[in-house]
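Quick look at target.cif (mmCIF, C-alpha atoms, pLDDT in the B column; chains and numbers go by the auth columns):
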```cif
data_query
loop_
_atom_site.group_PDB
_atom_site.id
_atom_site.type_symbol
_atom_site.label_atom_id
_atom_site.label_comp_id
_atom_site.label_asym_id
_atom_site.label_seq_id
_atom_site.Cartn_x
_atom_site.Cartn_y
_atom_site.Cartn_z
_atom_site.B_iso_or_equiv
_atom_site.auth_seq_id
_atom_site.auth_asym_id
ATOM 1 C CA MET A 1 85.093 17.322 148.236 54.00 1 A
ATOM 2 C CA ALA A 2 87.869 19.799 147.478 45.00 2 A
ATOM 3 C CA ARG A 3 87.518 22.522 144.866 40.00 3 A
ATOM 4 C CA LYS A 4 90.170 24.037 142.594 39.00 4 A
ATOM 5 C CA ARG A 5 90.447 27.440 140.951 37.00 5 A
ATOM 6 C CA SER A 6 90.203 28.016 137.218 35.00 6 A
ATOM 7 C CA ARG A 7 92.382 30.588 135.398 37.00 7 A
ATOM 8 C CA THR A 8 89.553 33.091 135.673 34.00 8 A
ATOM 9 C CA GLY A 9 89.593 32.740 139.448 34.00 9 A
ATOM 10 C CA GLN A 10 86.193 31.078 139.614 34.00 10 A
ATOM 11 C CA ALA A 11 85.816 27.963 141.763 35.00 11 A
ATOM 12 C CA LYS A 12 84.854 24.816 139.944 38.00 12 A
ATOM 13 C CA GLU A 13 84.224 21.302 141.113 46.00 13 A
ATOM 14 C CA GLN A 14 87.305 19.111 140.963 53.00 14 A
ATOM 15 C CA ASP A 15 86.960 15.674 139.383 77.00 15 A
ATOM 16 C CA TRP A 16 87.758 14.053 142.723 82.00 16 A
ATOM 17 C CA ARG A 17 86.443 10.666 141.573 89.00 17 A
ATOM 18 C CA ALA A 18 89.506 10.500 139.323 92.00 18 A
ATOM 19 C CA THR A 19 91.555 9.870 142.474 94.00 19 A
ATOM 20 C CA LEU A 20 91.928 6.294 143.675 96.00 20 A
ATOM 21 C CA PHE A 21 92.168 6.198 147.468 97.00 21 A
ATOM 22 C CA VAL A 22 94.416 3.389 148.693 98.00 22 A
ATOM 23 C CA TRP A 23 94.019 2.284 152.298 98.00 23 A
ATOM 24 C CA ARG A 24 96.732 0.125 153.886 98.00 24 A
ATOM 25 C CA GLY A 25 96.742 -1.048 157.484 98.00 25 A
ATOM 26 C CA GLU A 26 97.440 -3.824 159.918 97.00 26 A
ATOM 27 C CA ILE A 27 94.745 -6.246 161.064 95.00 27 A
ATOM 28 C CA SER A 28 94.625 -7.290 164.709 94.00 28 A
ATOM 29 C CA THR A 29 92.135 -9.123 166.900 92.00 29 A
ATOM 30 C CA ASP A 30 90.417 -7.669 169.929 92.00 30 A
ATOM 31 C CA GLU A 31 87.141 -7.869 171.832 90.00 31 A
ATOM 32 C CA HIS A 32 84.080 -5.671 172.248 88.00 32 A
ATOM 33 C CA GLU A 33 83.165 -4.579 175.774 77.00 33 A
ATOM 34 C CA ARG A 34 81.061 -7.686 176.348 78.00 34 A
ATOM 35 C CA GLY A 35 83.726 -10.070 175.140 84.00 35 A
ATOM 36 C CA HIS A 36 82.565 -10.537 171.553 91.00 36 A
ATOM 37 C CA PRO A 37 85.504 -10.838 169.130 95.00 37 A
ATOM 38 C CA LYS A 38 86.305 -8.090 166.647 96.00 38 A
ATOM 39 C CA LEU A 39 88.914 -7.216 164.063 96.00 39 A
ATOM 40 C CA GLU A 40 90.671 -3.859 164.048 97.00 40 A
ATOM 41 C CA TRP A 41 92.196 -2.323 160.924 98.00 41 A
ATOM 42 C CA VAL A 42 94.572 0.568 161.584 98.00 42 A
ATOM 43 C CA GLY A 43 96.737 2.397 159.081 98.00 43 A
ATOM 44 C CA ALA A 44 96.834 5.257 156.592 98.00 44 A
ATOM 45 C CA TRP A 45 95.585 6.085 153.128 98.00 45 A
ATOM 46 C CA ALA A 46 97.028 7.925 150.132 97.00 46 A
ATOM 47 C CA GLY A 47 95.555 9.009 146.828 95.00 47 A
ATOM 48 C CA THR A 48 96.786 8.323 143.317 94.00 48 A
ATOM 49 C CA ASP A 49 95.595 9.983 140.119 91.00 49 A
ATOM 50 C CA ASP A 50 97.184 7.673 137.580 85.00 50 A
ATOM 51 C CA ALA A 51 96.995 3.956 136.844 87.00 51 A
ATOM 52 C CA SER A 52 99.501 3.006 139.528 92.00 52 A
ATOM 53 C CA MET A 53 99.437 2.314 143.232 96.00 53 A
ATOM 54 C CA PRO A 54 100.996 4.851 145.621 95.00 54 A
ATOM 55 C CA SER A 55 104.471 3.916 146.763 94.00 55 A
ATOM 56 C CA ALA A 56 105.129 2.315 150.119 94.00 56 A
ATOM 57 C CA ALA A 57 106.974 5.499 151.087 96.00 57 A
ATOM 58 C CA ALA A 58 103.892 7.603 150.296 96.00 58 A
ATOM 59 C CA LEU A 59 101.730 5.420 152.490 97.00 59 A
ATOM 60 C CA ASP A 60 104.333 5.305 155.259 96.00 60 A
ATOM 61 C CA SER A 61 104.541 9.110 155.367 96.00 61 A
ATOM 62 C CA SER A 62 100.816 9.804 154.934 96.00 62 A
ATOM 63 C CA GLU A 63 99.161 11.843 157.677 95.00 63 A
ATOM 64 C CA ASN A 64 95.742 10.542 156.623 96.00 64 A
ATOM 65 C CA GLY A 65 95.224 7.900 159.266 98.00 65 A
ATOM 66 C CA PHE A 66 92.302 5.589 159.936 98.00 66 A
ATOM 67 C CA ARG A 67 91.142 3.248 162.685 98.00 67 A
ATOM 68 C CA LEU A 68 88.271 0.913 161.860 98.00 68 A
ATOM 69 C CA ALA A 69 86.806 -2.122 163.593 97.00 69 A
ATOM 70 C CA THR A 70 84.181 -4.726 162.838 97.00 70 A
ATOM 71 C CA ARG A 71 80.752 -4.466 164.369 96.00 71 A
ATOM 72 C CA ARG A 72 79.464 -7.416 166.371 95.00 72 A
ATOM 73 C CA PHE A 73 79.303 -10.535 164.214 96.00 73 A
ATOM 74 C CA ASP A 74 76.038 -12.288 163.403 96.00 74 A
ATOM 75 C CA ASP A 75 76.968 -15.852 164.376 95.00 75 A
ATOM 76 C CA GLU A 76 73.702 -17.341 163.129 96.00 76 A
ATOM 77 C CA ARG A 77 74.477 -16.010 159.656 96.00 77 A
ATOM 78 C CA ILE A 78 78.131 -17.081 159.820 95.00 78 A
ATOM 79 C CA VAL A 79 77.223 -20.665 160.799 95.00 79 A
ATOM 80 C CA ALA A 80 74.437 -20.901 158.212 94.00 80 A
ATOM 81 C CA GLU A 81 76.719 -19.669 155.426 93.00 81 A
ATOM 82 C CA GLY A 82 79.467 -22.004 156.608 91.00 82 A
ATOM 83 C CA GLU A 83 77.143 -24.983 156.527 91.00 83 A
ATOM 84 C CA ALA A 84 75.916 -24.060 153.054 91.00 84 A
ATOM 85 C CA GLU A 85 79.482 -23.759 151.756 87.00 85 A
ATOM 86 C CA ALA A 86 80.476 -27.067 153.374 87.00 86 A
ATOM 87 C CA ALA A 87 77.495 -28.789 151.769 88.00 87 A
ATOM 88 C CA ARG A 88 78.390 -27.311 148.390 87.00 88 A
ATOM 89 C CA ARG A 89 81.922 -28.677 148.682 82.00 89 A
ATOM 90 C CA GLY A 90 80.830 -32.001 150.175 85.00 90 A
ATOM 91 C CA ILE A 91 82.617 -31.392 153.493 82.00 91 A
ATOM 92 C CA GLN A 92 81.395 -33.067 156.685 79.00 92 A
ATOM 93 C CA GLY A 93 81.420 -31.372 160.087 75.00 93 A
ATOM 94 C CA ASP A 94 79.974 -28.438 161.986 80.00 94 A
ATOM 95 C CA ALA A 95 80.471 -24.870 160.767 85.00 95 A
ATOM 96 C CA ALA A 96 82.448 -22.511 163.005 90.00 96 A
ATOM 97 C CA ALA A 97 81.093 -19.391 164.676 94.00 97 A
ATOM 98 C CA SER A 98 83.131 -16.181 164.988 95.00 98 A
ATOM 99 C CA ALA A 99 84.807 -17.113 168.296 94.00 99 A
ATOM 100 C CA GLU A 100 86.054 -20.415 166.855 94.00 100 A
ATOM 101 C CA ILE A 101 87.351 -18.678 163.734 93.00 101 A
ATOM 102 C CA PHE A 102 89.280 -16.250 165.930 93.00 102 A
ATOM 103 C CA GLU A 103 90.753 -19.174 167.845 91.00 103 A
ATOM 104 C CA VAL A 104 92.099 -20.615 164.598 88.00 104 A
ATOM 105 C CA MET A 105 93.694 -17.282 163.685 88.00 105 A
ATOM 106 C CA ALA A 106 95.276 -17.071 167.131 86.00 106 A
ATOM 107 C CA MET A 107 97.070 -20.363 166.455 83.00 107 A
ATOM 108 C CA GLY A 108 99.062 -18.841 163.567 74.00 108 A
ATOM 109 C CA PRO A 109 101.486 -18.149 162.090 73.00 109 A
ATOM 110 C CA TRP A 110 102.071 -21.757 161.166 60.00 110 A
ATOM 111 C CA CYS A 111 105.340 -23.420 160.302 52.00 111 A
ATOM 112 C CA CYS A 112 106.259 -24.367 156.766 55.00 112 A
ATOM 113 C CA ASP A 113 108.114 -27.504 155.758 55.00 113 A
ATOM 114 C CA ASP A 114 111.426 -25.750 156.433 56.00 114 A
ATOM 115 C CA GLY A 115 110.396 -25.044 160.036 52.00 115 A
ATOM 116 C CA GLU A 116 110.137 -21.285 159.535 58.00 116 A
ATOM 117 C CA ALA A 117 106.970 -19.533 160.704 53.00 117 A
ATOM 118 C CA ASP A 118 104.848 -18.373 157.768 64.00 118 A
ATOM 119 C CA ALA A 119 102.440 -15.503 158.418 68.00 119 A
ATOM 120 C CA SER A 120 101.297 -15.134 154.815 70.00 120 A
ATOM 121 C CA GLU A 121 98.106 -17.132 155.388 81.00 121 A
ATOM 122 C CA VAL A 122 97.433 -16.323 159.039 85.00 122 A
ATOM 123 C CA LEU A 123 94.305 -14.266 158.252 89.00 123 A
ATOM 124 C CA PHE A 124 92.829 -16.629 155.663 90.00 124 A
ATOM 125 C CA PRO A 125 90.208 -17.833 158.218 91.00 125 A
ATOM 126 C CA VAL A 126 88.695 -14.317 158.054 94.00 126 A
ATOM 127 C CA ALA A 127 86.959 -15.489 154.872 94.00 127 A
ATOM 128 C CA GLY A 128 84.743 -17.650 157.085 94.00 128 A
ATOM 129 C CA LEU A 129 83.259 -14.524 158.696 96.00 129 A
ATOM 130 C CA GLY A 130 81.493 -13.563 155.468 96.00 130 A
ATOM 131 C CA VAL A 131 80.480 -9.924 155.072 97.00 131 A
ATOM 132 C CA MET A 132 81.897 -7.738 157.846 98.00 132 A
ATOM 133 C CA GLU A 133 80.512 -4.309 158.749 98.00 133 A
ATOM 134 C CA LEU A 134 83.194 -1.765 159.636 98.00 134 A
ATOM 135 C CA GLU A 135 82.894 1.374 161.715 98.00 135 A
ATOM 136 C CA GLY A 136 85.363 3.993 162.860 98.00 136 A
ATOM 137 C CA GLN A 137 87.045 7.181 161.706 98.00 137 A
ATOM 138 C CA TYR A 138 89.565 8.374 159.144 97.00 138 A
ATOM 139 C CA SER A 139 91.234 11.759 158.707 96.00 139 A
ATOM 140 C CA LEU A 140 90.905 13.945 155.625 93.00 140 A
ATOM 141 C CA ASP A 141 91.780 17.536 154.752 90.00 141 A
ATOM 142 C CA ASN A 142 88.805 18.610 152.665 83.00 142 A
ATOM 143 C CA GLY A 143 89.999 22.190 152.299 83.00 143 A
ATOM 144 C CA GLU A 144 89.306 23.182 155.889 86.00 144 A
ATOM 145 C CA GLY A 145 92.154 21.408 157.649 89.00 145 A
ATOM 146 C CA ARG A 146 92.428 17.751 158.574 92.00 146 A
ATOM 147 C CA GLN A 147 89.238 16.507 160.220 94.00 147 A
ATOM 148 C CA PRO A 148 87.777 13.116 161.240 96.00 148 A
ATOM 149 C CA PHE A 149 85.165 11.520 158.996 96.00 149 A
ATOM 150 C CA GLU A 150 83.043 8.378 159.219 97.00 150 A
ATOM 151 C CA ASP A 151 81.522 6.247 156.485 97.00 151 A
ATOM 152 C CA ASP A 152 77.763 5.914 156.430 98.00 152 A
ATOM 153 C CA ALA A 153 78.228 2.225 155.534 98.00 153 A
ATOM 154 C CA HIS A 154 81.271 0.044 154.899 98.00 154 A
ATOM 155 C CA ARG A 155 80.988 -3.700 154.235 98.00 155 A
ATOM 156 C CA VAL A 156 84.014 -5.889 153.523 98.00 156 A
ATOM 157 C CA GLN A 157 84.424 -9.515 152.521 98.00 157 A
ATOM 158 C CA VAL A 158 87.490 -11.727 152.045 97.00 158 A
ATOM 159 C CA ARG A 159 87.731 -14.520 149.483 96.00 159 A
ATOM 160 C CA VAL A 160 90.532 -17.095 149.579 93.00 160 A
ATOM 161 C CA ARG A 161 91.722 -18.461 146.240 91.00 161 A
ATOM 162 C CA ALA A 162 94.552 -21.007 146.177 85.00 162 A
ATOM 163 C CA ASP A 163 97.328 -19.297 148.169 86.00 163 A
ATOM 164 C CA GLU A 164 95.979 -15.738 148.131 93.00 164 A
ATOM 165 C CA ALA A 165 93.316 -13.785 149.996 94.00 165 A
ATOM 166 C CA CYS A 166 91.467 -11.096 148.030 97.00 166 A
ATOM 167 C CA ALA A 167 89.216 -8.511 149.648 98.00 167 A
ATOM 168 C CA ALA A 168 86.465 -6.231 148.394 98.00 168 A
ATOM 169 C CA ALA A 169 84.139 -3.643 149.873 98.00 169 A
ATOM 170 C CA VAL A 170 81.103 -1.549 149.086 98.00 170 A
ATOM 171 C CA GLY A 171 79.828 1.400 151.020 98.00 171 A
ATOM 172 C CA ALA A 172 78.839 5.023 151.226 97.00 172 A
ATOM 173 C CA ALA A 173 80.678 8.022 152.646 96.00 173 A
ATOM 174 C CA PRO A 174 79.509 11.613 153.098 92.00 174 A
ATOM 175 C CA PHE A 175 80.944 12.174 149.594 89.00 175 A
ATOM 176 C CA GLY A 176 79.114 9.339 147.824 93.00 176 A
ATOM 177 C CA LYS A 177 79.153 5.618 147.087 97.00 177 A
ATOM 178 C CA PHE A 178 82.356 3.622 146.739 98.00 178 A
ATOM 179 C CA VAL A 179 83.654 0.182 145.790 98.00 179 A
ATOM 180 C CA SER A 180 87.001 -1.258 146.870 98.00 180 A
ATOM 181 C CA LEU A 181 89.328 -4.081 145.861 98.00 181 A
ATOM 182 C CA GLY A 182 92.580 -5.347 147.348 98.00 182 A
ATOM 183 C CA VAL A 183 94.497 -8.144 149.026 96.00 183 A
ATOM 184 C CA ILE A 184 95.602 -9.417 152.415 95.00 184 A
ATOM 185 C CA ASP A 185 99.314 -10.138 152.820 92.00 185 A
ATOM 186 C CA GLY A 186 100.096 -11.549 156.230 90.00 186 A
ATOM 187 C CA TYR A 187 98.535 -9.142 158.723 93.00 187 A
ATOM 188 C CA THR A 188 98.322 -6.289 156.191 95.00 188 A
ATOM 189 C CA LEU A 189 95.099 -5.434 154.361 97.00 189 A
ATOM 190 C CA THR A 190 95.325 -3.068 151.400 98.00 190 A
ATOM 191 C CA LEU A 191 92.104 -1.835 149.795 98.00 191 A
ATOM 192 C CA ALA A 192 91.867 0.609 146.891 98.00 192 A
ATOM 193 C CA ARG A 193 88.685 2.691 147.086 98.00 193 A
ATOM 194 C CA ARG A 194 86.992 4.163 144.021 97.00 194 A
ATOM 195 C CA TYR A 195 84.148 6.622 144.522 97.00 195 A
ATOM 196 C CA ILE A 196 81.430 6.170 141.900 96.00 196 A
ATOM 197 C CA SER A 197 78.512 8.237 140.616 94.00 197 A
ATOM 198 C CA ASP A 198 74.928 7.011 140.469 94.00 198 A
ATOM 199 C CA ASP A 199 75.113 6.596 136.686 95.00 199 A
ATOM 200 C CA ASP A 200 78.182 4.334 136.930 96.00 200 A
ATOM 201 C CA ALA A 201 77.482 0.678 136.089 97.00 201 A
ATOM 202 C CA ARG A 202 79.166 -0.342 139.340 98.00 202 A
ATOM 203 C CA ALA A 203 76.500 1.477 141.361 97.00 203 A
ATOM 204 C CA ALA A 204 74.478 -1.723 140.922 97.00 204 A
ATOM 205 C CA TRP A 205 77.040 -3.707 142.934 98.00 205 A
ATOM 206 C CA ALA A 206 75.158 -4.184 146.196 97.00 206 A
ATOM 207 C CA SER A 207 77.655 -6.368 148.057 98.00 207 A
ATOM 208 C CA PRO A 208 81.388 -7.130 148.272 98.00 208 A
ATOM 209 C CA LYS A 209 80.578 -10.448 146.575 97.00 209 A
ATOM 210 C CA ASP A 210 79.386 -8.514 143.530 98.00 210 A
ATOM 211 C CA VAL A 211 82.761 -6.753 143.372 98.00 211 A
ATOM 212 C CA LEU A 212 84.719 -9.992 143.732 98.00 212 A
ATOM 213 C CA ASP A 213 82.591 -11.825 141.169 97.00 213 A
ATOM 214 C CA ALA A 214 82.964 -9.013 138.645 98.00 214 A
ATOM 215 C CA LEU A 215 86.679 -8.248 139.012 98.00 215 A
ATOM 216 C CA LEU A 216 88.413 -11.530 139.854 97.00 216 A
ATOM 217 C CA VAL A 217 89.397 -13.771 136.973 95.00 217 A
ATOM 218 C CA ALA A 218 89.523 -17.536 137.566 92.00 218 A
ATOM 219 C CA GLY A 219 93.084 -18.833 137.562 92.00 219 A
ATOM 220 C CA GLU A 220 94.545 -15.309 137.477 94.00 220 A
ATOM 221 C CA PRO A 221 96.217 -14.076 140.696 95.00 221 A
ATOM 222 C CA LEU A 222 95.347 -10.575 141.879 96.00 222 A
ATOM 223 C CA ALA A 223 98.410 -8.344 142.170 95.00 223 A
ATOM 224 C CA LEU A 224 98.115 -4.991 143.912 95.00 224 A
ATOM 225 C CA ASP A 225 99.694 -3.265 140.922 95.00 225 A
ATOM 226 C CA ASP A 226 96.788 -4.510 138.788 95.00 226 A
ATOM 227 C CA VAL A 227 94.080 -3.052 141.026 97.00 227 A
ATOM 228 C CA PRO A 228 94.023 0.493 139.542 96.00 228 A
ATOM 229 C CA THR A 229 93.227 -0.869 136.081 96.00 229 A
ATOM 230 C CA LYS A 230 90.427 -2.977 137.553 97.00 230 A
ATOM 231 C CA LEU A 231 88.932 0.150 139.169 97.00 231 A
ATOM 232 C CA PRO A 232 88.885 2.764 136.392 95.00 232 A
ATOM 233 C CA ARG A 233 87.498 6.268 136.773 95.00 233 A
ATOM 234 C CA LYS A 234 84.099 5.289 135.412 94.00 234 A
ATOM 235 C CA VAL A 235 82.276 2.346 133.847 96.00 235 A
ATOM 236 C CA GLU A 236 79.428 3.387 131.588 93.00 236 A
ATOM 237 C CA ALA A 237 76.068 1.802 132.392 83.00 237 A
#
```
Just dump the structure as structure tokens.
Amino acid sequence: MARKRSRTGQAKEQDWRATLFVWRGEISTDEHERGHPKLEWVGAWAGTDDASMPSAAALDSSENGFRLATRRFDDERIVAEGEAEAARRGIQGDAAASAEIFEVMAMGPWCCDDGEADASEVLFPVAGLGVMELEGQYSLDNGEGRQPFEDDAHRVQVRVRADEACAAAVGAAPFGKFVSLGVIDGYTLTLARRYISDDDARAAWASPKDVLDALLVAGEPLALDDVPTKLPRKVEA
């Protein structure tokens, strides 16, 4: 990552993990070349070095764009996990595959009791897709001008609780491992990414489920403004 100069003029490594990278973008549905459904997430990211989220204006004006999309879904896994969840909750019926889940999303936004269309929950069915693998590029000026980068791995999962949809991710970039936490509001997904070192306790989180289980509190809604405090600079092992 970037370096900064000391007063003596010598280069030293910047504590770049102190920066929380907040990604915000719009979710849309599309298809792979052979007709398999996919989600696209397109937007921009901005960094913050304190315990607050970047402003909407900072994200709106950011030149650090990204365009990511889901890899092909594993329908056997999706159906098996759906059946297991239905059995756990005592629900009868067949579990849906990815194409059926996309059909449900295409039916939204749904009308509320007042007759007005409500898009706040239109992407809640995404939770039925389980862990999603993302691929694509994002731009970053790492001291040599803005260039495209790709993550080595990026896995995301959505969990619906009451009337909110929380999201988490784990992955690895050319700079190191990361964990992410955020929310879906309508068609907008916001994920705050924290890069972590190997001696951080969170390095043991192997899946987005691990992130969600560790950071969500039962009965306590997740507000975006609370995310930075849930993803501190480091957690001692």
Write out as a VMD selection string which residues come within 10 Å of Ser52 of chain A when counting only C-alpha atoms, dropping same-chain ones fewer than 6 positions away.
chain A and resid 20 224 to 229
Please produce, as CSV, a per-residue contact table for segment 135-181 of chain A versus segment 61-66 of chain A (criterion: any atom at most 10 Å away, only C-alpha atoms considered), showing the nearest atom pair and its distance in Å to one decimal, sorted by chain then residue number.
```
residue,atom,partner,partner_atom,distance
A:Gly136,CA,A:Phe66,CA,7.7
A:Gln137,CA,A:Phe66,CA,5.8
A:Tyr138,CA,A:Phe66,CA,4.0
A:Ser139,CA,A:Asn64,CA,5.1
A:Leu140,CA,A:Asn64,CA,6.0
A:Asp141,CA,A:Asn64,CA,8.3
A:Arg146,CA,A:Asn64,CA,8.2
A:Gln147,CA,A:Asn64,CA,9.5
A:Pro148,CA,A:Phe66,CA,8.9
A:Phe149,CA,A:Phe66,CA,9.3
A:Glu150,CA,A:Phe66,CA,9.7
```
Using the chain letters and numbers from the file, give me the residues hit by the PyMOL selection byres ((chain A and resi 54) around 12), as a PyMOL selection string.
chain A and resi 19-24+44-53+55-62+190-192+224-225+227-228
The selected residues should be written to file as a PDB file, keeping the file's coordinate frame (atoms: C-alpha atoms).
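The file below, selection_24.pdb, is the result:
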```
ATOM      1  CA  THR A  19      91.555   9.870 142.474  1.00 94.00           C
ATOM      2  CA  LEU A  20      91.928   6.294 143.675  1.00 96.00           C
ATOM      3  CA  PHE A  21      92.168   6.198 147.468  1.00 97.00           C
ATOM      4  CA  VAL A  22      94.416   3.389 148.693  1.00 98.00           C
ATOM      5  CA  TRP A  23      94.019   2.284 152.298  1.00 98.00           C
ATOM      6  CA  ARG A  24      96.732   0.125 153.886  1.00 98.00           C
ATOM      7  CA  ALA A  44      96.834   5.257 156.592  1.00 98.00           C
ATOM      8  CA  TRP A  45      95.585   6.085 153.128  1.00 98.00           C
ATOM      9  CA  ALA A  46      97.028   7.925 150.132  1.00 97.00           C
ATOM     10  CA  GLY A  47      95.555   9.009 146.828  1.00 95.00           C
ATOM     11  CA  THR A  48      96.786   8.323 143.317  1.00 94.00           C
ATOM     12  CA  ASP A  49      95.595   9.983 140.119  1.00 91.00           C
ATOM     13  CA  ASP A  50      97.184   7.673 137.580  1.00 85.00           C
ATOM     14  CA  ALA A  51      96.995   3.956 136.844  1.00 87.00           C
ATOM     15  CA  SER A  52      99.501   3.006 139.528  1.00 92.00           C
ATOM     16  CA  MET A  53      99.437   2.314 143.232  1.00 96.00           C
ATOM     17  CA  SER A  55     104.471   3.916 146.763  1.00 94.00           C
ATOM     18  CA  ALA A  56     105.129   2.315 150.119  1.00 94.00           C
ATOM     19  CA  ALA A  57     106.974   5.499 151.087  1.00 96.00           C
ATOM     20  CA  ALA A  58     103.892   7.603 150.296  1.00 96.00           C
ATOM     21  CA  LEU A  59     101.730   5.420 152.490  1.00 97.00           C
ATOM     22  CA  ASP A  60     104.333   5.305 155.259  1.00 96.00           C
ATOM     23  CA  SER A  61     104.541   9.110 155.367  1.00 96.00           C
ATOM     24  CA  SER A  62     100.816   9.804 154.934  1.00 96.00           C
ATOM     25  CA  THR A 190      95.325  -3.068 151.400  1.00 98.00           C
ATOM     26  CA  LEU A 191      92.104  -1.835 149.795  1.00 98.00           C
ATOM     27  CA  ALA A 192      91.867   0.609 146.891  1.00 98.00           C
ATOM     28  CA  LEU A 224      98.115  -4.991 143.912  1.00 95.00           C
ATOM     29  CA  ASP A 225      99.694  -3.265 140.922  1.00 95.00           C
ATOM     30  CA  VAL A 227      94.080  -3.052 141.026  1.00 97.00           C
ATOM     31  CA  PRO A 228      94.023   0.493 139.542  1.00 96.00           C
TER      32      PRO A 228
END
```
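Of note, atom CA of Glu220 of chain A and atom CA of Arg17 of chain A are spaced 27.5 Å apart.
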If you measure from atom CA of Ile101 of chain A to atom CA of Leu129 of chain A, what distance in Å do you get, rounded to one decimal?
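Straight-line distance from atom CA of Ile101 of chain A to atom CA of Leu129 of chain A works out to 7.7 Å.
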Segment 37-44 of chain A: axis-aligned bounding box, 3 Å on each side, centre and edge lengths in Å, one decimal, as lines of an AutoDock Vina configuration file:
```
center_x = 91.2
center_y = -2.8
center_z = 162.9
size_x = 17.3
size_y = 22.1
size_z = 18.5
```
For the structure provided, state which residues fall under the PyMOL selection byres ((chain A and resi 160) around 12), and present them as a VMD selection string.
chain A and resid 121 to 130 157 to 159 161 to 168 183 to 185 212 216 221 to 222
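For Glu76 of chain A, the set of protein, DNA and RNA residues having any atom at most 10 Å away, when counting all atoms listed in the file and skipping those fewer than 6 positions along the same chain, is Gly82, Ala97 and Ser98 of chain A.
Interatomic distance, atom CA of Ala218 of chain A against atom CA of Leu39 of chain A: 28.4 Å.
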Using the chain letters and numbers from this file, what does the PyMOL selection byres ((chain A and resi 204-210) around 10) select? Give the answer as a ChimeraX atom specification.
/A:130-132,154-159,167-171,178-181,198-203,211-215,237
